[in-house]
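**Student:** One structure is given below, represented as structure tokens, and several questions about it will come after.
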Amino acid sequence: MSLKKKNTTVISSREMRALEINAEYFDISLLQLMENAGRSVAAEIAARFPSERKIAIFCGLGGNGGDGFVAARHLLSMGFDVSVILAGKGTDIRHEAALKNWCALHALRENIPIHEVTDTTLMPKITADIVVDALLGTGTKGRIKSPIAEIVKYINTLCAFKIAVDIPTGIDSDTGEVLGTAVKADLTITFHKAKPGLNLAKKYVGELIISDIGLPEALEQFSGPGDVWVVKKPRFASAHKGDFGRLLVIGGSEVFSGAPALVALAALRTGIDVAYLAAPAKTAYAISSMSPNLITLKLKGDQLSIENIGELSQYLEMVDAVVIGPGLGLHIKTKEFVKAFLPLIEDAGKPLLLDADGLKAFSEFKRVLKVPLVLTPHAGEYAVLTGQKLSEDMRQRVTEVQKTATALKAVILLKGNVDIICDDKRVKLNFTGNPGMTVGGTGDVLAGIVGAFLAQKASAFEAAVAGAFVNGAAGDFAASEIGYHLMATDLLDWIPKVLDEPMSHAKVRKSSGPVT
């Protein structure tokens, strides 16, 4: 029976990888997904061809090859004459799920001939009615190398019906570019959703079928470690100060000094190189005494005002993103400052996050900005922003938040028991966090994390989703050690743990019960 999916939307290679990581976090293992993928390939073949046909399956050493191993096993059970050609040695397989399926296949080597091809001189002569290409998958970038390139050319010479698994080897799944050479398939069976490159390389794809592998579309709306993987910036030995972002934090007042400090410290823990914290002079001196890691800009006056704009504008050229609001206060002069400073941020082209009092000031003149904008209200602040109280029904709440995000052309991260992150097209729900995080300051930590991702060039939506996950997970780790007796500063030390080992939060999540 053919397993076909009618959904015509597409998913990029990085989005698909993030989804696979998140699926594993929610206990849908890569081994399960590989089993479903390989079985769907076998089912499609069985629906089209009689079992007396000979099938040669060309497999790589990664996940795509693992799909091929599974397909070979299922096709054998269906009575087909199957052989497998591995591009390399089985001992070189490092993909965990693929290795397990290789071991299962290797146990059947008396029934399925297996040829390990490390160079083309070892290529067996293939006589097959059907050839399956499971060499390289959607993550392939750059020109394909030997022996894969030679194997691809050999496949194209065979007089057989050619089936590509997920994407024809040699095609960039995002751009459709031919990476030197590519398999010319008669049929491509891709998984979950079509990849953008498939529509751009139709002469290599042939007929396209989208097969369901057990990933409900609802799962795409759940945040997870995959969203951290998307935004995390790799560090190289050749890196220099500033390569990982500079953030300007504007906040603080006579009453509130801790809030902007938490933002800056969280941003530093997230991995930016420099955080400038601008506050009225007395507040800035108090903040300086909190940590030697903080660079404070001591502004004239008891509260921010238009008079501070000239002093701050020079820093806009030095930073990569701006956070305004934590502890800012709502003095009339401060609200005037927020309104007057935003055009300068737009002119500088810097992503902006508005939180707390900055968001409240913005609500009085709200408009579409010319830069990426993230708003991080809780329910009460959302009511100030929109003049409307949110529905208690989750579905309706999502609809309302997305409507506001669309009107403002912004990303809204609504903080709550379940965080809702929306732009005009996408929605994500974040389930990390716990009741201990109602303590003041955790929202400031969140602003710092999201601000750091913005400074590291993540998109506004991806920064907000990853920030929500990291902030809540850091709170969960802290609560797992000390219970719900949290202070906002407790989250700071756990941010690196979540960034470096995001999947480790799965144990904390499981201990608190299933997602509701």
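If you're wondering about the labels, chains in the structure tokens are A, B, ... by order shown, residues count from 1 in each chain, ligands from 1 in order shown.
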For range 42-54 of chain A, work out the shell of residues within 12 Å, counting only C-alpha atoms and skipping chain neighbours fewer than 5 positions away, then give it as a ChimeraX atom specification.

**Tutor:** /A:1-4,35-37,67-84,112-113,126-132,160-165,187-190,208-212

**Student:** Next, dump the selected residues to file, keeping only N, CA and C atoms, as a compact mmCIF listing (two decimals), in the first residue's frame.

**Tutor:**
# COMPACT_ATOMS: atom_id res chain seq x y z
N MET A 1 0.85 -1.20 0.00
CA MET A 1 0.00 0.00 0.00
C MET A 1 0.88 1.24 0.00
N SER A 2 0.57 2.19 -0.86
CA SER A 2 1.36 3.42 -0.96
C SER A 2 1.00 4.37 0.18
N LEU A 3 2.04 4.91 0.85
CA LEU A 3 1.82 5.88 1.93
C LEU A 3 2.08 7.26 1.37
N LYS A 4 1.05 7.97 0.97
CA LYS A 4 1.21 9.25 0.31
C LYS A 4 0.63 10.37 1.17
N GLU A 35 12.91 3.75 10.63
CA GLU A 35 12.12 2.56 10.34
C GLU A 35 10.91 2.92 9.47
N ASN A 36 10.23 4.01 9.85
CA ASN A 36 9.06 4.44 9.08
C ASN A 36 9.44 4.86 7.67
N ALA A 37 10.58 5.54 7.54
CA ALA A 37 11.02 6.00 6.22
C ALA A 37 11.36 4.83 5.32
N ASP A 67 18.06 4.62 5.99
CA ASP A 67 16.75 4.42 5.37
C ASP A 67 16.81 3.29 4.35
N GLY A 68 17.92 3.25 3.60
CA GLY A 68 18.11 2.19 2.61
C GLY A 68 18.25 0.82 3.24
N PHE A 69 18.96 0.74 4.39
CA PHE A 69 19.10 -0.55 5.08
C PHE A 69 17.73 -1.08 5.51
N VAL A 70 16.90 -0.18 6.05
CA VAL A 70 15.56 -0.57 6.49
C VAL A 70 14.74 -1.04 5.29
N ALA A 71 14.79 -0.28 4.19
CA ALA A 71 14.04 -0.66 3.00
C ALA A 71 14.46 -2.04 2.51
N ALA A 72 15.77 -2.34 2.55
CA ALA A 72 16.27 -3.64 2.10
C ALA A 72 15.68 -4.76 2.94
N ARG A 73 15.63 -4.55 4.24
CA ARG A 73 15.09 -5.59 5.13
C ARG A 73 13.61 -5.84 4.86
N HIS A 74 12.84 -4.77 4.68
CA HIS A 74 11.41 -4.93 4.41
C HIS A 74 11.17 -5.56 3.03
N LEU A 75 11.96 -5.15 2.07
CA LEU A 75 11.80 -5.72 0.72
C LEU A 75 12.13 -7.20 0.70
N LEU A 76 13.12 -7.61 1.48
CA LEU A 76 13.43 -9.03 1.59
C LEU A 76 12.24 -9.79 2.15
N SER A 77 11.60 -9.21 3.18
CA SER A 77 10.45 -9.89 3.79
C SER A 77 9.25 -9.95 2.84
N MET A 78 9.25 -9.07 1.83
CA MET A 78 8.18 -9.06 0.83
C MET A 78 8.48 -9.98 -0.34
N GLY A 79 9.65 -10.61 -0.31
CA GLY A 79 9.98 -11.58 -1.35
C GLY A 79 10.82 -11.07 -2.49
N PHE A 80 11.31 -9.84 -2.41
CA PHE A 80 12.14 -9.30 -3.49
C PHE A 80 13.56 -9.83 -3.41
N ASP A 81 14.22 -9.84 -4.56
CA ASP A 81 15.63 -10.21 -4.66
C ASP A 81 16.44 -8.93 -4.47
N VAL A 82 17.05 -8.78 -3.30
CA VAL A 82 17.66 -7.51 -2.90
C VAL A 82 19.16 -7.66 -2.74
N SER A 83 19.90 -6.67 -3.21
CA SER A 83 21.33 -6.56 -2.91
C SER A 83 21.61 -5.14 -2.46
N VAL A 84 22.66 -4.97 -1.66
CA VAL A 84 23.01 -3.66 -1.10
C VAL A 84 24.45 -3.33 -1.47
N ILE A 112 20.86 -11.31 1.77
CA ILE A 112 21.01 -10.05 1.02
C ILE A 112 22.50 -9.84 0.76
N PRO A 113 22.95 -10.01 -0.48
CA PRO A 113 24.35 -9.75 -0.79
C PRO A 113 24.71 -8.30 -0.48
N ILE A 126 26.18 -4.63 -11.68
CA ILE A 126 24.79 -4.63 -11.22
C ILE A 126 23.85 -4.99 -12.36
N THR A 127 23.03 -5.98 -12.10
CA THR A 127 21.92 -6.29 -13.01
C THR A 127 20.65 -6.25 -12.16
N ALA A 128 19.92 -5.17 -12.31
CA ALA A 128 18.74 -4.98 -11.47
C ALA A 128 17.64 -4.31 -12.28
N ASP A 129 16.42 -4.59 -11.89
CA ASP A 129 15.26 -3.95 -12.50
C ASP A 129 14.98 -2.60 -11.84
N ILE A 130 15.33 -2.52 -10.56
CA ILE A 130 15.06 -1.33 -9.78
C ILE A 130 16.33 -0.94 -9.03
N VAL A 131 16.69 0.32 -9.07
CA VAL A 131 17.84 0.84 -8.32
C VAL A 131 17.32 1.88 -7.33
N VAL A 132 17.73 1.74 -6.09
CA VAL A 132 17.34 2.68 -5.04
C VAL A 132 18.56 3.50 -4.64
N ALA A 160 17.59 0.75 -15.49
CA ALA A 160 16.72 0.30 -14.41
C ALA A 160 15.84 1.47 -13.99
N PHE A 161 14.75 1.16 -13.30
CA PHE A 161 13.88 2.19 -12.74
C PHE A 161 14.56 2.72 -11.48
N LYS A 162 14.82 4.01 -11.43
CA LYS A 162 15.62 4.60 -10.36
C LYS A 162 14.74 5.35 -9.36
N ILE A 163 14.93 5.01 -8.10
CA ILE A 163 14.15 5.61 -7.01
C ILE A 163 15.10 6.30 -6.04
N ALA A 164 14.89 7.59 -5.79
CA ALA A 164 15.71 8.33 -4.83
C ALA A 164 15.00 8.39 -3.49
N VAL A 165 15.76 8.19 -2.44
CA VAL A 165 15.24 8.24 -1.07
C VAL A 165 15.44 9.65 -0.52
N LEU A 187 11.66 8.35 -9.81
CA LEU A 187 10.74 8.56 -8.69
C LEU A 187 11.55 8.99 -7.48
N THR A 188 11.07 10.02 -6.79
CA THR A 188 11.68 10.43 -5.53
C THR A 188 10.64 10.32 -4.43
N ILE A 189 11.00 9.60 -3.36
CA ILE A 189 10.12 9.48 -2.20
C ILE A 189 10.74 10.31 -1.08
N THR A 190 10.14 11.47 -0.83
CA THR A 190 10.65 12.32 0.24
C THR A 190 9.76 12.18 1.47
N LEU A 208 7.28 12.77 -7.84
CA LEU A 208 7.54 13.06 -6.43
C LEU A 208 6.40 12.55 -5.56
N ILE A 209 6.76 11.78 -4.53
CA ILE A 209 5.80 11.31 -3.53
C ILE A 209 6.29 11.76 -2.16
N ILE A 210 5.36 12.26 -1.36
CA ILE A 210 5.68 12.68 0.01
C ILE A 210 5.10 11.64 0.97
N SER A 211 5.97 10.99 1.71
CA SER A 211 5.53 9.92 2.61
C SER A 211 5.52 10.37 4.07
N ASP A 212 4.51 9.94 4.77
CA ASP A 212 4.37 10.22 6.20
C ASP A 212 5.27 9.28 6.98

**Student:** Give me the range 411-515 of chain A side of the contact with range 382-400 of chain A, cut-off 8 Å, one line per residue showing its nearest atom pair and distance in Å at one decimal, counting only C-alpha atoms, sorted by chain and residue number, as a tab-separated table.

**Tutor:**
residue	atom	partner	partner_atom	distance
A:Leu414	CA	A:Tyr382	CA	7.7
A:Ile420	CA	A:Val398	CA	6.8
A:Cys422	CA	A:Val398	CA	7.9
A:Val427	CA	A:Val398	CA	7.8

**Student:** Might you pull out every residue within 6 Å of range 296-309 of chain A, with only C-alpha atoms counted and same-chain residues fewer than 2 positions away left off, and present them as number ranges by chain?

**Tutor:** A: 253, 276-281, 284, 311-313, 333-334, 337

**Student:** For Met34 in chain A, which residue among A:His95, A:Lys241, A:Lys153, A:Lys232 is the nearest when counting only C-alpha atoms?

**Tutor:**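 Result for the nearest residue to Met34 in chain A: A:His95.
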
**Student:** Would you pick out the contacts of range 9-21 of chain A at 12 Å or less, using only C-alpha atoms, so that residues sharing its chain but fewer than 5 positions from it are not included, and give the list as an mmCIF file with C-alpha atoms, in the first residue's frame?

**Tutor:**
data_model
loop_
_atom_site.group_PDB
_atom_site.id
_atom_site.type_symbol
_atom_site.label_atom_id
_atom_site.label_comp_id
_atom_site.auth_asym_id
_atom_site.auth_seq_id
_atom_site.Cartn_x
_atom_site.Cartn_y
_atom_site.Cartn_z
ATOM 1 C CA PHE A 26 9.512 14.301 22.646
ATOM 2 C CA ASP A 27 10.370 10.569 22.552
ATOM 3 C CA ILE A 28 9.987 9.889 18.836
ATOM 4 C CA SER A 29 13.410 8.410 18.215
ATOM 5 C CA LEU A 30 15.480 8.704 15.047
ATOM 6 C CA LEU A 31 15.381 4.913 14.963
ATOM 7 C CA GLN A 32 11.565 5.049 14.749
ATOM 8 C CA LEU A 33 11.670 7.692 12.030
ATOM 9 C CA MET A 34 14.233 5.694 10.052
ATOM 10 C CA GLY A 63 20.943 8.557 7.881
ATOM 11 C CA GLY A 137 20.310 12.954 2.203
ATOM 12 C CA THR A 138 18.967 16.461 2.600
ATOM 13 C CA GLY A 139 21.898 17.735 4.670
ATOM 14 C CA THR A 140 24.355 17.473 1.777
ATOM 15 C CA LYS A 141 26.139 20.730 0.949
ATOM 16 C CA ASP A 166 14.303 11.702 0.277
ATOM 17 C CA ILE A 167 16.282 13.520 -2.444
ATOM 18 C CA ASP A 172 21.043 20.520 -2.832
ATOM 19 C CA SER A 173 17.720 20.049 -1.035
ATOM 20 C CA ASP A 174 17.296 23.789 -0.422
ATOM 21 C CA THR A 175 18.433 25.325 -3.707
ATOM 22 C CA GLY A 176 18.044 22.533 -6.265
ATOM 23 C CA THR A 190 10.650 12.320 0.238
ATOM 24 C CA PHE A 191 9.569 12.383 3.880
ATOM 25 C CA HIS A 192 7.177 14.525 5.930
ATOM 26 C CA LYS A 193 7.153 17.472 3.507
ATOM 27 C CA ALA A 194 8.693 18.416 0.190
ATOM 28 C CA LYS A 195 12.095 20.084 0.252
ATOM 29 C CA PRO A 196 12.464 23.377 -1.675
ATOM 30 C CA GLY A 197 15.138 22.004 -4.004
ATOM 31 C CA LEU A 198 12.865 19.226 -5.248
ATOM 32 C CA ASN A 199 10.683 21.730 -7.069
ATOM 33 C CA ILE A 210 5.677 12.682 0.011
ATOM 34 C CA ILE A 213 6.951 8.961 8.723
ATOM 35 C CA GLY A 214 5.001 9.650 11.908
ATOM 36 C CA LEU A 215 5.768 13.334 12.458
ATOM 37 C CA PRO A 216 2.447 15.101 13.102
ATOM 38 C CA GLU A 217 2.415 18.685 11.874
ATOM 39 C CA ALA A 218 1.445 19.699 15.409
ATOM 40 C CA LEU A 219 4.962 18.719 16.504
ATOM 41 C CA GLU A 220 6.355 21.489 14.313
ATOM 42 C CA GLN A 221 4.707 23.941 16.711
ATOM 43 C CA PHE A 222 6.597 22.662 19.782
ATOM 44 C CA SER A 223 9.907 24.217 20.766
ATOM 45 C CA GLY A 224 12.780 21.950 21.701
ATOM 46 C CA PRO A 225 16.541 21.384 21.526
ATOM 47 C CA GLY A 226 16.360 21.559 17.740
ATOM 48 C CA ASP A 227 15.500 25.231 18.039
ATOM 49 C CA VAL A 228 18.657 25.734 20.095
ATOM 50 C CA TRP A 229 20.659 23.889 17.431
ATOM 51 C CA VAL A 230 19.271 26.276 14.792
ATOM 52 C CA VAL A 231 20.542 29.444 16.509
ATOM 53 C CA LYS A 232 23.701 28.191 18.203
ATOM 54 C CA GLU A 462 14.152 31.776 15.843
ATOM 55 C CA ALA A 466 15.178 29.315 21.271
ATOM 56 C CA PRO A 502 19.939 20.835 25.278
ATOM 57 C CA MET A 503 18.793 17.208 25.018
ATOM 58 C CA ALA A 506 14.574 15.648 28.400
#

**Student:** With DSSP run on the backbone, what are the alpha helix (DSSP H) residues within range 157-221 of chain A? I'd like them as number ranges by chain.

**Tutor:** A: 157, 196-200, 202-205

**Student:** Which is closest to Pro496 in chain A among A:Gly251, A:Gly271, A:Pro435, A:Gly472, if we use only C-alpha atoms?

**Tutor:**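 Of A:Gly251, A:Gly271, A:Pro435, A:Gly472, the one nearest Pro496 in chain A is A:Gly271, counting only C-alpha atoms.
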
**Student:** Could you work out how far CA of Gln402 in chain A lies from CA of Arg426 in chain A, giving the answer in Å with one decimal?

**Tutor:** 8.2 Å

**Student:** Go ahead and compute the interatomic distance for CA of Thr406 in chain A and CA of Leu359 in chain A, in Å to one decimal.

**Tutor:** 16.8 Å

**Student:** What is the CA of Phe469 in chain A-CA of Ala98 in chain A distance in Å, reported with one decimal?

**Tutor:**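 We find that CA of Phe469 in chain A and CA of Ala98 in chain A lie 29.0 Å from each other.
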
**Student:** Which residue is closest to Gly252 in chain A? Choose from A:Asn293, A:Thr283, A:Thr270, A:Ser288 and count only C-alpha atoms.

**Tutor:** A:Thr283

**Student:** I'd like to know which of A:Gly66, A:Gly38, A:Gly88, A:Pro124 is closest to Trp102 in chain A, using only C-alpha atoms.

**Tutor:** A:Gly66

**Student:** For Ile85 in chain A, work out the shell of residues within 6 Å, counting only C-alpha atoms and skipping chain neighbours fewer than 4 positions away, then give it as a list of chain:residue names.

**Tutor:**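 The contact residues come out as A:Phe58, A:Ile114, A:His115.
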
**Student:** Could the residues in this selection be written to a file with N, CA and C atoms, as a JSON list (two decimals), in the first residue's frame?

**Tutor:**
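So the final result, stored in out.json, reads:
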[["chain", "number", "residue", "atom", "x", "y", "z"],
["A", 58, "PHE", "N", 21.69, 1.33, -3.24],
["A", 58, "PHE", "CA", 22.98, 1.99, -3.00],
["A", 58, "PHE", "C", 22.85, 2.85, -1.75],
["A", 114, "ILE", "N", 25.83, -8.11, 0.21],
["A", 114, "ILE", "CA", 26.28, -6.78, 0.59],
["A", 114, "ILE", "C", 27.67, -6.55, 0.01],
["A", 115, "HIS", "N", 27.84, -5.42, -0.69],
["A", 115, "HIS", "CA", 29.12, -5.07, -1.30],
["A", 115, "HIS", "C", 29.59, -3.74, -0.69]]

**Student:** Please run DSSP on the backbone and report, as a PyMOL selection string, all residues within range 232-454 of chain A that come out as strand (DSSP E).

**Tutor:** chain A and resi 246-250+274-280+295-299+321-324+352-354+373-375+411-414+419-422+427-430

**Student:** Could you check which of A:Glu501, A:His485, A:Thr376, A:Asp133 is closest to Ile55 in chain A, using only C-alpha atoms?

**Tutor:**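 Counting only C-alpha atoms, the residue closest to Ile55 in chain A is A:Asp133.
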
**Student:** Env of Ala182 in chain A: 10 Å cut, atoms = only C-alpha atoms, seq-sep filter 6 positions within chain, self excluded. Answer as a list in words.

**Tutor:**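 The residues that qualify are Ile144, Ile148, Ala149, Ile151, Val152, Lys153, Ile155, Asn156, Pro168, Thr169, Gly170, Ile171, Asp172, Tyr204 and Val205 of chain A.
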
**Student:** Find, counting only C-alpha atoms, the residue in A:Lys507, A:Asp355, A:Asp444, A:Ala452 that gets nearest to Ala473 in chain A.

**Tutor:**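 With only C-alpha atoms as the atom set, the closest residue is A:Lys507.
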